[in-house]
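data-v2.tsv follows (TSV, C-alpha atoms):
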chain	number	residue	atom	x	y	z
A	1129	MET	CA	48.48	3.99	-0.65
A	1130	ALA	CA	51.66	4.30	-2.67
A	1131	VAL	CA	54.42	3.96	-0.06
A	1132	TYR	CA	53.81	2.93	3.55
A	1133	LEU	CA	56.87	3.41	5.74
A	1134	ASP	CA	55.29	3.80	9.17
A	1135	ASN	CA	55.45	0.17	10.22
A	1136	SER	CA	56.67	0.93	13.73
A	1137	ALA	CA	53.29	2.59	14.30
A	1138	THR	CA	51.35	-0.31	12.82
A	1139	THR	CA	51.61	-2.86	10.03
A	1140	LYS	CA	49.18	-3.97	7.35
A	1141	PRO	CA	47.33	-7.08	8.58
A	1142	CYS	CA	48.41	-10.18	6.68
A	1143	ARG	CA	45.97	-12.39	4.80
A	1144	GLU	CA	46.23	-15.14	7.41
A	1145	ALA	CA	45.29	-12.75	10.22
A	1146	VAL	CA	42.32	-11.30	8.34
A	1147	GLU	CA	41.01	-14.77	7.51
A	1148	ALA	CA	41.36	-15.93	11.11
A	1149	ILE	CA	39.55	-12.86	12.42
A	1150	THR	CA	36.72	-13.24	9.89
A	1151	ARG	CA	36.34	-16.95	10.60
A	1152	THR	CA	36.14	-16.35	14.34
A	1153	LEU	CA	33.67	-13.49	14.01
A	1154	THR	CA	31.35	-15.38	11.68
A	1155	GLU	CA	31.70	-19.02	12.73
A	1156	ASN	CA	33.32	-19.43	16.15
A	1157	TYR	CA	31.93	-16.34	17.84
A	1158	ALA	CA	30.69	-17.79	21.16
A	1159	ASN	CA	32.04	-16.58	24.50
A	1160	PRO	CA	34.97	-18.85	25.52
A	1161	SER	CA	33.69	-18.77	29.11
A	1162	SER	CA	30.27	-20.18	28.19
A	1163	LEU	CA	29.62	-23.80	29.12
A	1164	HIS	CA	27.55	-24.82	26.10
A	1165	GLY	CA	29.00	-26.57	23.07
A	1166	ALA	CA	29.71	-23.42	21.09
A	1167	GLY	CA	31.46	-21.90	24.09
A	1168	VAL	CA	33.62	-25.00	24.50
A	1169	GLU	CA	34.65	-24.77	20.84
A	1170	ALA	CA	35.51	-21.09	21.31
A	1171	ALA	CA	37.60	-22.00	24.38
A	1172	LYS	CA	39.47	-24.64	22.37
A	1173	ALA	CA	40.22	-22.07	19.67
A	1174	LEU	CA	41.53	-19.67	22.32
A	1175	ILE	CA	43.85	-22.39	23.61
A	1176	ARG	CA	45.15	-22.95	20.08
A	1177	SER	CA	45.78	-19.22	19.71
A	1178	ARG	CA	47.67	-19.14	23.01
A	1179	GLU	CA	49.78	-22.08	21.88
A	1180	ALA	CA	50.61	-20.36	18.57
A	1181	VAL	CA	51.71	-17.11	20.22
A	1182	ALA	CA	53.72	-19.02	22.84
A	1183	ARG	CA	55.41	-21.08	20.12
A	1184	ALA	CA	56.41	-17.91	18.24
A	1185	LEU	CA	57.81	-16.33	21.42
A	1186	GLY	CA	59.51	-19.52	22.58
A	1187	CYS	CA	57.74	-20.13	25.87
A	1188	ASP	CA	54.99	-22.23	27.45
A	1189	LYS	CA	51.38	-21.41	26.65
A	1190	ASP	CA	50.60	-20.99	30.36
A	1191	GLU	CA	53.05	-18.07	30.45
A	1192	ILE	CA	51.06	-16.04	27.90
A	1193	PHE	CA	48.44	-13.60	29.20
A	1194	PHE	CA	46.44	-11.79	26.55
A	1195	THR	CA	45.81	-8.04	26.83
A	1196	SER	CA	44.40	-5.31	24.61
A	1197	GLY	CA	47.89	-4.41	23.37
A	1198	GLY	CA	51.39	-3.34	24.34
A	1199	THR	CA	50.33	-0.35	26.43
A	1200	GLU	CA	48.13	-2.42	28.73
A	1201	ALA	CA	50.75	-5.17	28.96
A	1202	ASN	CA	53.46	-2.66	29.89
A	1203	ASN	CA	51.28	-1.08	32.58
A	1204	LEU	CA	50.37	-4.49	33.98
A	1205	ALA	CA	54.03	-5.50	34.08
A	1206	VAL	CA	55.47	-2.32	35.59
A	1207	LEU	CA	52.72	-1.45	38.06
A	1208	GLY	CA	51.94	-5.08	38.89
A	1209	ALA	CA	55.59	-5.96	39.56
A	1210	ALA	CA	56.23	-2.91	41.73
A	1211	ALA	CA	53.10	-3.57	43.79
A	1212	ALA	CA	54.08	-7.19	44.35
A	1213	LYS	CA	57.66	-6.29	45.32
A	1214	ARG	CA	56.97	-3.19	47.43
A	1215	ARG	CA	58.16	-4.78	50.68
A	1216	ALA	CA	61.43	-5.98	49.11
A	1217	GLY	CA	62.79	-2.59	48.08
A	1218	ASN	CA	62.07	0.84	46.69
A	1219	ARG	CA	64.17	1.33	43.54
A	1220	ILE	CA	62.97	1.07	39.95
A	1221	VAL	CA	65.56	1.17	37.16
A	1222	THR	CA	64.39	2.08	33.68
A	1223	THR	CA	65.52	4.33	30.83
A	1224	ALA	CA	64.70	7.81	29.57
A	1225	ILE	CA	63.79	6.42	26.13
A	1226	GLU	CA	61.05	3.93	27.04
A	1227	HIS	CA	57.69	3.87	25.30
A	1228	GLU	CA	55.20	6.31	26.83
A	1229	SER	CA	53.31	3.44	28.49
A	1230	VAL	CA	56.37	2.47	30.54
A	1231	ALA	CA	57.48	6.06	31.13
A	1232	ALA	CA	54.05	7.10	32.43
A	1233	ALA	CA	53.80	4.01	34.64
A	1234	ALA	CA	57.22	4.85	36.09
A	1235	ASP	CA	56.05	8.41	36.75
A	1236	GLU	CA	53.07	7.00	38.66
A	1237	LEU	CA	55.35	4.79	40.75
A	1238	GLU	CA	57.46	7.81	41.57
A	1239	ARG	CA	54.34	9.62	42.79
A	1240	GLN	CA	53.67	6.59	44.99
A	1241	GLY	CA	57.07	6.99	46.64
A	1242	PHE	CA	59.32	4.70	44.63
A	1243	GLU	CA	62.79	5.89	43.63
A	1244	VAL	CA	62.92	5.81	39.83
A	1245	ILE	CA	66.29	5.82	38.05
A	1246	ARG	CA	66.01	6.77	34.36
A	1247	LEU	CA	69.19	5.94	32.46
A	1248	GLU	CA	70.18	8.49	29.81
A	1249	PRO	CA	71.24	7.49	26.27
A	1250	ASP	CA	74.18	8.76	24.26
A	1251	ARG	CA	73.96	10.81	21.06
A	1252	HIS	CA	72.74	7.76	19.11
A	1253	GLY	CA	70.29	6.46	21.69
A	1254	ASN	CA	72.56	3.76	23.10
A	1255	ILE	CA	72.59	2.80	26.78
A	1256	THR	CA	75.42	0.59	28.00
A	1257	ALA	CA	75.36	-2.47	30.22
A	1258	ARG	CA	77.66	-0.63	32.61
A	1259	GLN	CA	74.98	2.03	33.17
A	1260	PHE	CA	72.54	-0.65	34.26
A	1261	ALA	CA	75.17	-2.27	36.49
A	1262	GLU	CA	75.85	1.02	38.24
A	1263	ALA	CA	72.16	1.75	38.77
A	1264	ILE	CA	71.06	-1.62	40.16
A	1265	ASP	CA	71.47	-2.15	43.91
A	1266	LYS	CA	70.04	-4.39	46.63
A	1267	SER	CA	66.92	-2.22	46.92
A	1268	THR	CA	66.04	-2.58	43.22
A	1269	VAL	CA	62.73	-4.40	42.78
A	1270	LEU	CA	62.18	-3.85	39.04
A	1271	VAL	CA	64.27	-3.21	35.96
A	1272	SER	CA	62.21	-2.26	32.90
A	1273	ALA	CA	64.14	-1.78	29.67
A	1274	MET	CA	62.88	-2.00	26.11
A	1275	TYR	CA	64.77	-4.35	23.81
A	1276	VAL	CA	64.46	-2.13	20.72
A	1277	ASN	CA	63.63	1.56	20.85
A	1278	ASN	CA	60.52	2.42	18.87
A	1279	GLU	CA	61.77	5.78	17.54
A	1280	ILE	CA	65.42	5.27	16.64
A	1281	GLY	CA	65.87	1.49	16.67
A	1282	SER	CA	68.67	1.32	19.23
A	1283	VAL	CA	69.08	-2.15	20.75
A	1284	LEU	CA	69.53	-2.16	24.52
A	1285	PRO	CA	71.68	-4.76	26.34
A	1286	VAL	CA	68.68	-6.53	27.88
A	1287	GLY	CA	70.37	-9.93	27.70
A	1288	GLU	CA	73.05	-8.79	30.16
A	1289	ILE	CA	70.78	-7.31	32.84
A	1290	ARG	CA	69.79	-10.56	34.57
A	1291	ARG	CA	73.43	-11.28	35.38
A	1292	MET	CA	73.76	-7.81	36.95
A	1293	ILE	CA	70.62	-8.27	39.04
A	1294	THR	CA	72.00	-11.55	40.36
A	1295	ALA	CA	75.47	-10.11	40.99
A	1296	LYS	CA	74.04	-7.21	43.01
A	1297	GLY	CA	71.84	-9.52	45.07
A	1298	ALA	CA	68.79	-7.53	44.04
A	1299	PRO	CA	65.26	-8.95	44.35
A	1300	ALA	CA	64.37	-7.28	41.05
A	1301	LEU	CA	62.11	-8.63	38.35
A	1302	LEU	CA	63.23	-7.94	34.79
A	1303	HIS	CA	60.63	-6.59	32.36
A	1304	THR	CA	61.38	-5.88	28.73
A	1305	ASP	CA	59.13	-4.24	26.17
A	1306	CYS	CA	59.73	-6.37	23.07
A	1307	VAL	CA	57.00	-4.82	20.93
A	1308	GLN	CA	59.52	-3.66	18.31
A	1309	ALA	CA	61.74	-6.74	18.65
A	1310	PHE	CA	59.22	-9.56	18.36
A	1311	GLY	CA	59.50	-11.16	14.93
A	1312	LYS	CA	62.50	-8.99	14.05
A	1313	LEU	CA	65.23	-10.30	16.33
A	1314	ARG	CA	65.81	-13.90	17.35
A	1315	PHE	CA	65.23	-14.24	21.11
A	1316	THR	CA	63.26	-16.05	23.78
A	1317	PRO	CA	62.35	-14.79	27.25
A	1318	LYS	CA	64.58	-17.46	28.76
A	1319	ARG	CA	67.61	-16.39	26.73
A	1320	LEU	CA	67.01	-12.78	27.76
A	1321	GLY	CA	66.66	-13.81	31.39
A	1322	ALA	CA	63.36	-11.90	31.50
A	1323	ASP	CA	60.54	-12.40	33.97
A	1324	LEU	CA	58.08	-10.26	32.02
A	1325	VAL	CA	57.96	-9.62	28.25
A	1326	THR	CA	55.55	-7.41	26.33
A	1327	ILE	CA	54.52	-8.16	22.74
A	1328	THR	CA	51.63	-7.04	20.53
A	1329	ALA	CA	49.88	-8.11	17.35
A	1330	HIS	CA	49.73	-5.03	15.18
A	1331	LYS	CA	53.50	-4.72	14.83
A	1332	ILE	CA	53.72	-8.19	13.23
A	1333	HIS	CA	50.93	-7.81	10.63
A	1334	GLY	CA	48.19	-8.73	13.06
A	1335	PRO	CA	45.22	-6.67	14.28
A	1336	LYS	CA	45.22	-3.70	16.62
A	1337	GLY	CA	43.62	-4.46	19.98
A	1338	ALA	CA	45.44	-7.67	20.88
A	1339	GLY	CA	48.69	-8.01	22.80
A	1340	ALA	CA	50.23	-10.26	25.41
A	1341	LEU	CA	52.35	-10.23	28.52
A	1342	TYR	CA	54.70	-13.15	29.11
A	1343	ILE	CA	54.91	-13.89	32.82
A	1344	LYS	CA	57.57	-16.43	33.72
A	1345	LYS	CA	56.29	-19.40	35.68
A	1346	GLY	CA	56.64	-18.72	39.38
A	1347	THR	CA	56.76	-14.94	38.93
A	1348	ARG	CA	54.28	-13.02	41.07
A	1349	ILE	CA	52.81	-9.71	40.02
A	1350	LEU	CA	49.52	-8.13	41.09
A	1351	PRO	CA	46.64	-7.54	38.66
A	1352	ARG	CA	45.46	-4.04	37.76
A	1353	THR	CA	41.85	-4.91	36.91
A	1354	PHE	CA	39.31	-7.08	38.69
A	1355	GLY	CA	36.01	-8.83	38.09
A	1356	GLY	CA	36.43	-12.05	36.17
A	1357	GLU	CA	38.19	-15.40	35.92
A	1358	GLN	CA	39.73	-14.85	32.49
A	1359	GLU	CA	43.52	-14.99	32.04
A	1360	LYS	CA	43.83	-16.57	35.50
A	1361	ARG	CA	42.40	-13.36	37.01
A	1362	MET	CA	45.50	-11.49	35.84
A	1363	ARG	CA	43.54	-9.71	33.11
A	1364	PRO	CA	39.81	-10.33	33.63
A	1365	GLY	CA	37.20	-9.56	31.01
A	1366	THR	CA	35.79	-11.40	28.01
A	1367	GLU	CA	38.64	-12.27	25.68
A	1368	ALA	CA	38.74	-10.61	22.27
A	1369	SER	CA	38.74	-14.01	20.61
A	1370	ALA	CA	38.69	-12.80	17.01
A	1371	LEU	CA	41.58	-10.38	17.51
A	1372	ILE	CA	43.52	-12.99	19.46
A	1373	ALA	CA	42.95	-15.45	16.61
A	1374	GLY	CA	44.36	-12.84	14.23
A	1375	PHE	CA	47.33	-12.34	16.55
A	1376	ALA	CA	48.02	-16.08	16.55
A	1377	ALA	CA	47.70	-16.34	12.77
A	1378	ALA	CA	50.08	-13.41	12.25
A	1379	ALA	CA	52.59	-14.94	14.68
A	1380	ALA	CA	52.43	-18.27	12.83
A	1381	ALA	CA	52.88	-16.52	9.48
A	1382	MET	CA	56.03	-14.61	10.46
A	1383	PRO	CA	58.92	-15.35	8.08
A	1384	GLU	CA	62.26	-16.73	9.25
A	1385	THR	CA	63.69	-14.01	11.47
A	1386	ASP	CA	67.32	-13.87	10.32
A	1387	ALA	CA	66.52	-13.99	6.60
A	1388	GLN	CA	63.95	-11.21	6.95
A	1389	LEU	CA	66.38	-9.14	9.00
A	1390	GLU	CA	68.92	-9.33	6.19
A	1391	ALA	CA	66.30	-8.30	3.62
A	1392	VAL	CA	65.35	-5.26	5.67
A	1393	ARG	CA	68.99	-4.41	6.30
A	1394	GLU	CA	69.42	-4.19	2.53
A	1395	LEU	CA	66.55	-1.69	2.38
A	1396	ASN	CA	68.01	0.33	5.23
A	1397	LEU	CA	71.47	0.50	3.67
A	1398	ARG	CA	70.02	1.49	0.30
A	1399	LEU	CA	67.97	4.28	1.81
A	1400	ARG	CA	70.92	5.50	3.86
A	1401	ALA	CA	72.99	5.66	0.68
A	1402	LEU	CA	70.30	7.57	-1.23
A	1403	LEU	CA	69.62	10.03	1.58
A	1404	GLY	CA	73.34	10.46	2.18
A	1405	GLU	CA	73.56	12.07	-1.25
A	1406	ILE	CA	71.25	14.89	-0.13
A	1407	ASP	CA	73.11	17.86	1.30
A	1408	GLY	CA	72.49	18.35	5.01
A	1409	VAL	CA	70.63	15.10	5.74
A	1410	SER	CA	71.90	13.27	8.84
A	1411	PHE	CA	70.92	10.11	10.70
A	1412	ASN	CA	69.86	9.95	14.33
A	1413	SER	CA	69.75	6.15	14.27
A	1414	ASP	CA	73.10	4.51	14.91
A	1415	GLU	CA	74.49	2.16	12.26
A	1416	ASN	CA	74.12	-0.65	14.81
A	1417	ALA	CA	70.42	0.10	15.36
A	1418	LEU	CA	67.78	-2.38	14.27
A	1419	PRO	CA	67.48	-1.76	10.50
A	1420	TYR	CA	63.69	-1.78	10.62
A	1421	ILE	CA	63.84	1.80	11.95
A	1422	LEU	CA	65.68	4.81	10.50
A	1423	ASN	CA	65.36	8.21	12.17
A	1424	VAL	CA	66.46	11.01	9.85
A	1425	TYR	CA	67.03	14.77	10.11
A	1426	ILE	CA	65.65	16.67	7.10
A	1427	PRO	CA	67.27	20.04	6.36
A	1428	THR	CA	64.25	22.25	5.63
A	1429	PHE	CA	62.50	25.19	7.28
A	1430	MET	CA	59.53	22.91	7.97
A	1431	ARG	CA	59.15	21.10	11.27
A	1432	SER	CA	58.75	17.33	11.42
A	1433	GLN	CA	54.94	17.31	11.59
A	1434	THR	CA	54.78	19.47	8.47
A	1435	ILE	CA	57.30	17.24	6.70
A	1436	VAL	CA	55.13	14.22	7.51
A	1437	GLN	CA	52.04	16.00	6.15
A	1438	GLU	CA	53.88	17.14	3.01
A	1439	LEU	CA	55.11	13.62	2.28
A	1440	SER	CA	51.59	12.31	2.72
A	1441	ALA	CA	49.63	14.97	0.83
A	1442	LYS	CA	51.98	15.55	-2.09
A	1443	TYR	CA	53.80	12.23	-2.48
A	1444	ASP	CA	51.44	9.68	-0.91
A	1445	ILE	CA	54.21	8.50	1.41
A	1446	CYS	CA	53.47	7.59	5.04
A	1447	VAL	CA	56.10	8.12	7.73
A	1448	SER	CA	55.92	9.57	11.24
A	1449	SER	CA	57.61	12.19	13.40
A	1450	GLY	CA	58.04	9.77	16.31
A	1451	SER	CA	55.90	7.43	18.36
A	1452	ALA	CA	52.30	7.30	17.15
A	1453	CYS	CA	51.17	7.19	20.79
A	1454	ALA	CA	52.66	10.67	21.35
A	1455	LYS	CA	50.34	12.15	18.69
A	1456	GLY	CA	52.72	14.85	17.50
A	1457	LYS	CA	54.24	15.86	20.84
A	1458	LYS	CA	57.96	16.60	20.91
A	1459	SER	CA	59.94	13.36	21.00
A	1460	HIS	CA	61.13	12.56	24.50
A	1461	VAL	CA	63.60	10.10	22.94
A	1462	LEU	CA	65.38	12.72	20.81
A	1463	SER	CA	65.28	15.11	23.77
A	1464	ALA	CA	66.91	12.49	26.01
A	1465	MET	CA	69.64	12.11	23.36
A	1466	ARG	CA	70.28	15.84	23.82
A	1467	LEU	CA	70.04	16.58	20.13
A	1468	PRO	CA	69.97	20.27	19.15
A	1469	ASP	CA	66.44	21.66	18.73
A	1470	GLU	CA	67.12	22.17	15.02
A	1471	ILE	CA	67.61	18.42	14.59
A	1472	ALA	CA	64.99	17.19	17.06
A	1473	ASP	CA	62.31	19.44	15.55
A	1474	LYS	CA	62.97	18.39	11.95
A	1475	SER	CA	63.47	14.63	12.18
A	1476	ILE	CA	61.19	11.87	10.89
A	1477	ARG	CA	60.98	8.15	11.54
A	1478	ILE	CA	61.00	5.79	8.57
A	1479	SER	CA	60.15	2.20	9.47
A	1480	PHE	CA	60.13	-0.90	7.30
A	1481	SER	CA	58.25	-4.18	7.15
A	1482	ARG	CA	58.58	-7.27	5.00
A	1483	LEU	CA	56.21	-5.64	2.48
A	1484	ASN	CA	58.59	-2.81	1.59
A	1485	THR	CA	60.80	-2.75	-1.51
A	1486	LEU	CA	63.87	-0.98	-2.88
A	1487	ARG	CA	61.47	1.05	-5.02
A	1488	ASP	CA	59.94	2.46	-1.84
A	1489	CYS	CA	63.39	3.63	-0.80
A	1490	GLU	CA	63.91	5.36	-4.13
A	1491	LEU	CA	60.54	7.09	-3.98
A	1492	ILE	CA	60.95	8.51	-0.48
A	1493	ALA	CA	64.54	9.58	-1.16
A	1494	ALA	CA	63.40	11.46	-4.28
A	1495	ALA	CA	60.58	13.09	-2.34
A	1496	ILE	CA	62.87	14.22	0.49
A	1497	LYS	CA	65.37	15.60	-2.03
A	1498	GLU	CA	62.63	17.64	-3.66
A	1499	ILE	CA	61.39	18.91	-0.29
A	1500	THR	CA	64.87	20.10	0.72
A	1501	GLU	CA	65.27	21.87	-2.64
A	1502	THR	CA	61.79	23.40	-2.64
A	1503	HIS	CA	61.71	24.33	1.05
A	1504	PRO	CA	65.34	24.90	2.11
A	1505	ARG	CA	66.10	25.77	5.72

Rewrite the structure from the file as structure tokens, please.
Amino acid sequence: MAVYLDNSATTKPCREAVEAITRTLTENYANPSSLHGAGVEAAKALIRSREAVARALGCDKDEIFFTSGGTEANNLAVLGAAAAKRRAGNRIVTTAIEHESVAAAADELERQGFEVIRLEPDRHGNITARQFAEAIDKSTVLVSAMYVNNEIGSVLPVGEIRRMITAKGAPALLHTDCVQAFGKLRFTPKRLGADLVTITAHKIHGPKGAGALYIKKGTRILPRTFGGEQEKRMRPGTEASALIAGFAAAAAAMPETDAQLEAVRELNLRLRALLGEIDGVSFNSDENALPYILNVYIPTFMRSQTIVQELSAKYDICVSSGSACAKGKKSHVLSAMRLPDEIADKSIRISFSRLNTLRDCELIAAAIKEITETHPR
């Protein structure tokens, strides 16, 4: 694989994660719930993994609940919080640019009779603190807002929402999907004022199939699955110990956040400069967006899915046309931004990781230039 620039979809597992997974599968493979010696050792390893993930997030290990990934954690947070708070109010405040797992959960709550307010972004995907302040009232029982948007990289004012909830006298819990922020921005749940935080392993060079929901001590939400004692009955079922070990190893191996952010910002600025030299190219991601993500309009007669396929087949370059979970459907994020169809239908998402280089930027810029010259709009 020559150039991999689809890191918002998933990242390459790091050596530490692969080794931890292999070691757990081959040596410490017992069920952590078993009472024999091997089971006890597996339980101890699970505790160490929970401690490592908690340390990386900046919370207590007892506030980490492992799930199968971000989608399950988001559903548990949104549906579990609304169910627990149903008697306190009826309003849910979220945004029109959430990940599909939050958006679909909000749709389900609306079918159940909740009032769902979906805040609309501006042309660059930004949503202001004032919009949240105006939407939150005394009947609001949940605010769910992603910290970093997975398609355009816009950073939402999550750190200001707790103050608004308090000022409005709302009984609301605050949930934030930090899947694209974890390891990329410096934060802790406490500093964000969040009650519920979603993270996952495969965005930080860990394995797919392991995620976590932070639940602040004292916060009550209702489980969505039943039938076991694992994860304090919040998420029953035999733990995926090997994947969780890989998650913990990847979290421990993350580089210093601010230094890595600056390195990626250099890549982003270089690619913006190179693409800016191509006639007709424009950027959907704001300059203040997280530099790990760059959403770009490509002036060609081809639609985004075809551009993605062309870059892969001809140039061995991997990007995406939006969220991988949408599997090629029209981007609800770009639609919410009210971009013209010409732009929304011909935009791609380029996303970086710590493994990318300036050479990768040069290669994709050259490929896009050739595409626009060979297949003009």

_A:His1303 environment, 6 Å, all atoms listed in the file, sequence neighbours closer than 6 positions dropped, as number ranges by chain_ = A: 1272, 1324-1325

*Mind pulling up the distance from atom CA of A:Phe1375 to atom CA of A:Ile1175?*
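Going from atom CA of A:Ile1175 over to atom CA of A:Phe1375, I get 12.8 Å.
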
Taking only residues of stretch 1130-1212 of chain A that have an atom at most 12 Å from an atom of stretch 1428-1439 of chain A, what is each one's shortest atom pair and its distance in Å to one decimal, using all atoms listed in the file, in chain and number order, as CSV?
residue,atom,partner,partner_atom,distance
A:Ala1130,CA,A:Leu1439,CA,11.1
A:Val1131,CA,A:Leu1439,CA,10.0
A:Tyr1132,CA,A:Leu1439,CA,10.8
A:Leu1133,CA,A:Leu1439,CA,10.9
A:Asp1134,CA,A:Val1436,CA,10.6

Selection export as a short mmCIF file (atom, residue, chain, number, x, y, z; two decimals), in the frame of the given file, atoms kept: C-alpha atoms:
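Below is the file result_32.cif, written as the result:
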data_model
loop_
_atom_site.label_atom_id
_atom_site.label_comp_id
_atom_site.auth_asym_id
_atom_site.auth_seq_id
_atom_site.Cartn_x
_atom_site.Cartn_y
_atom_site.Cartn_z
CA ALA A 1130 51.66 4.30 -2.67
CA VAL A 1131 54.42 3.96 -0.06
CA TYR A 1132 53.81 2.93 3.55
CA LEU A 1133 56.87 3.41 5.74
CA ASP A 1134 55.29 3.80 9.17
#

*Excluding same-chain residues fewer than 6 positions from stretch 1224-1226 of chain A, what lies within 10 Å of it counting only C-alpha atoms, as a list in words?*
Ala1232, Ala1234, Ile1245, Arg1246, Leu1247, Glu1248, Pro1249, Gly1253, Asn1254, Ile1255, Ser1272, Ala1273, Met1274, Tyr1275, Val1276, Asn1277, Asn1278, Glu1279, Ile1280, Ser1282, Thr1304, Asp1305, Ser1459, His1460, Val1461, Leu1462, Ser1463, Ala1464 and Met1465 of chain A

Any chance you could tabulate, as a tab-separated table, the residues of stretch 1164-1238 of chain A at most 12 Å from stretch 1381-1390 of chain A with each one's nearest atom pair and distance in Å to one decimal, using all atoms listed in the file, in chain and rising number order?
residue	atom	partner	partner_atom	distance
A:Ala1180	CA	A:Ala1381	CA	10.1
A:Val1181	CA	A:Ala1381	CA	10.8
A:Arg1183	CA	A:Met1382	CA	11.6
A:Ala1184	CA	A:Met1382	CA	8.5
A:Leu1185	CA	A:Met1382	CA	11.2

*List as number ranges by chain: which residues have an atom within 12 Å of (62.4, -12.6, 45.0), counting all atoms listed in the file?*
A: 1209-1210, 1212-1217, 1266-1270, 1293-1294, 1297-1302, 1323, 1346-1349

*Rounded to one decimal in Å, what is the spacing between atom CA of A:Glu1169 and atom CA of A:Glu1155?*
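Interatomic distance here is 10.4 Å.
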
*Hey, which of A:Ser1162, A:His1333, A:Val1206, A:Asn1396 ends up closest to A:Leu1483? Count all atoms listed in the file.*
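Selected residue with least distance to A:Leu1483: A:His1333.
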
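Remark: for A:Leu1204, the closest of the candidate residues A:Ala1233, A:Ile1192, A:Ala1158, A:Ile1264 is A:Ala1233 (distances computed over all atoms listed in the file).
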
*If you measure from atom CA of A:Ile1476 to atom CA of A:Tyr1420, what distance in Å do you get, rounded to one decimal?*
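About the pair atom CA of A:Ile1476 and atom CA of A:Tyr1420: they are 13.9 Å apart.
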
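Each of A:Ala1182, A:Ile1289, A:Ala1171, A:Ala1391 was compared to A:Thr1222 using all atoms listed in the file, and A:Ile1289 turns out to be the nearest.
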
_Which polymer residues, whether protein, DNA or RNA, lie within 7 Å of the coordinate (45.5, -12.7, 13.9) when you count only C-alpha atoms? List them as an MDAnalysis selection string, using the chain letters and numbers from the file._
chainID A and resid 1144:1146 1148:1149 1334:1335 1371:1378
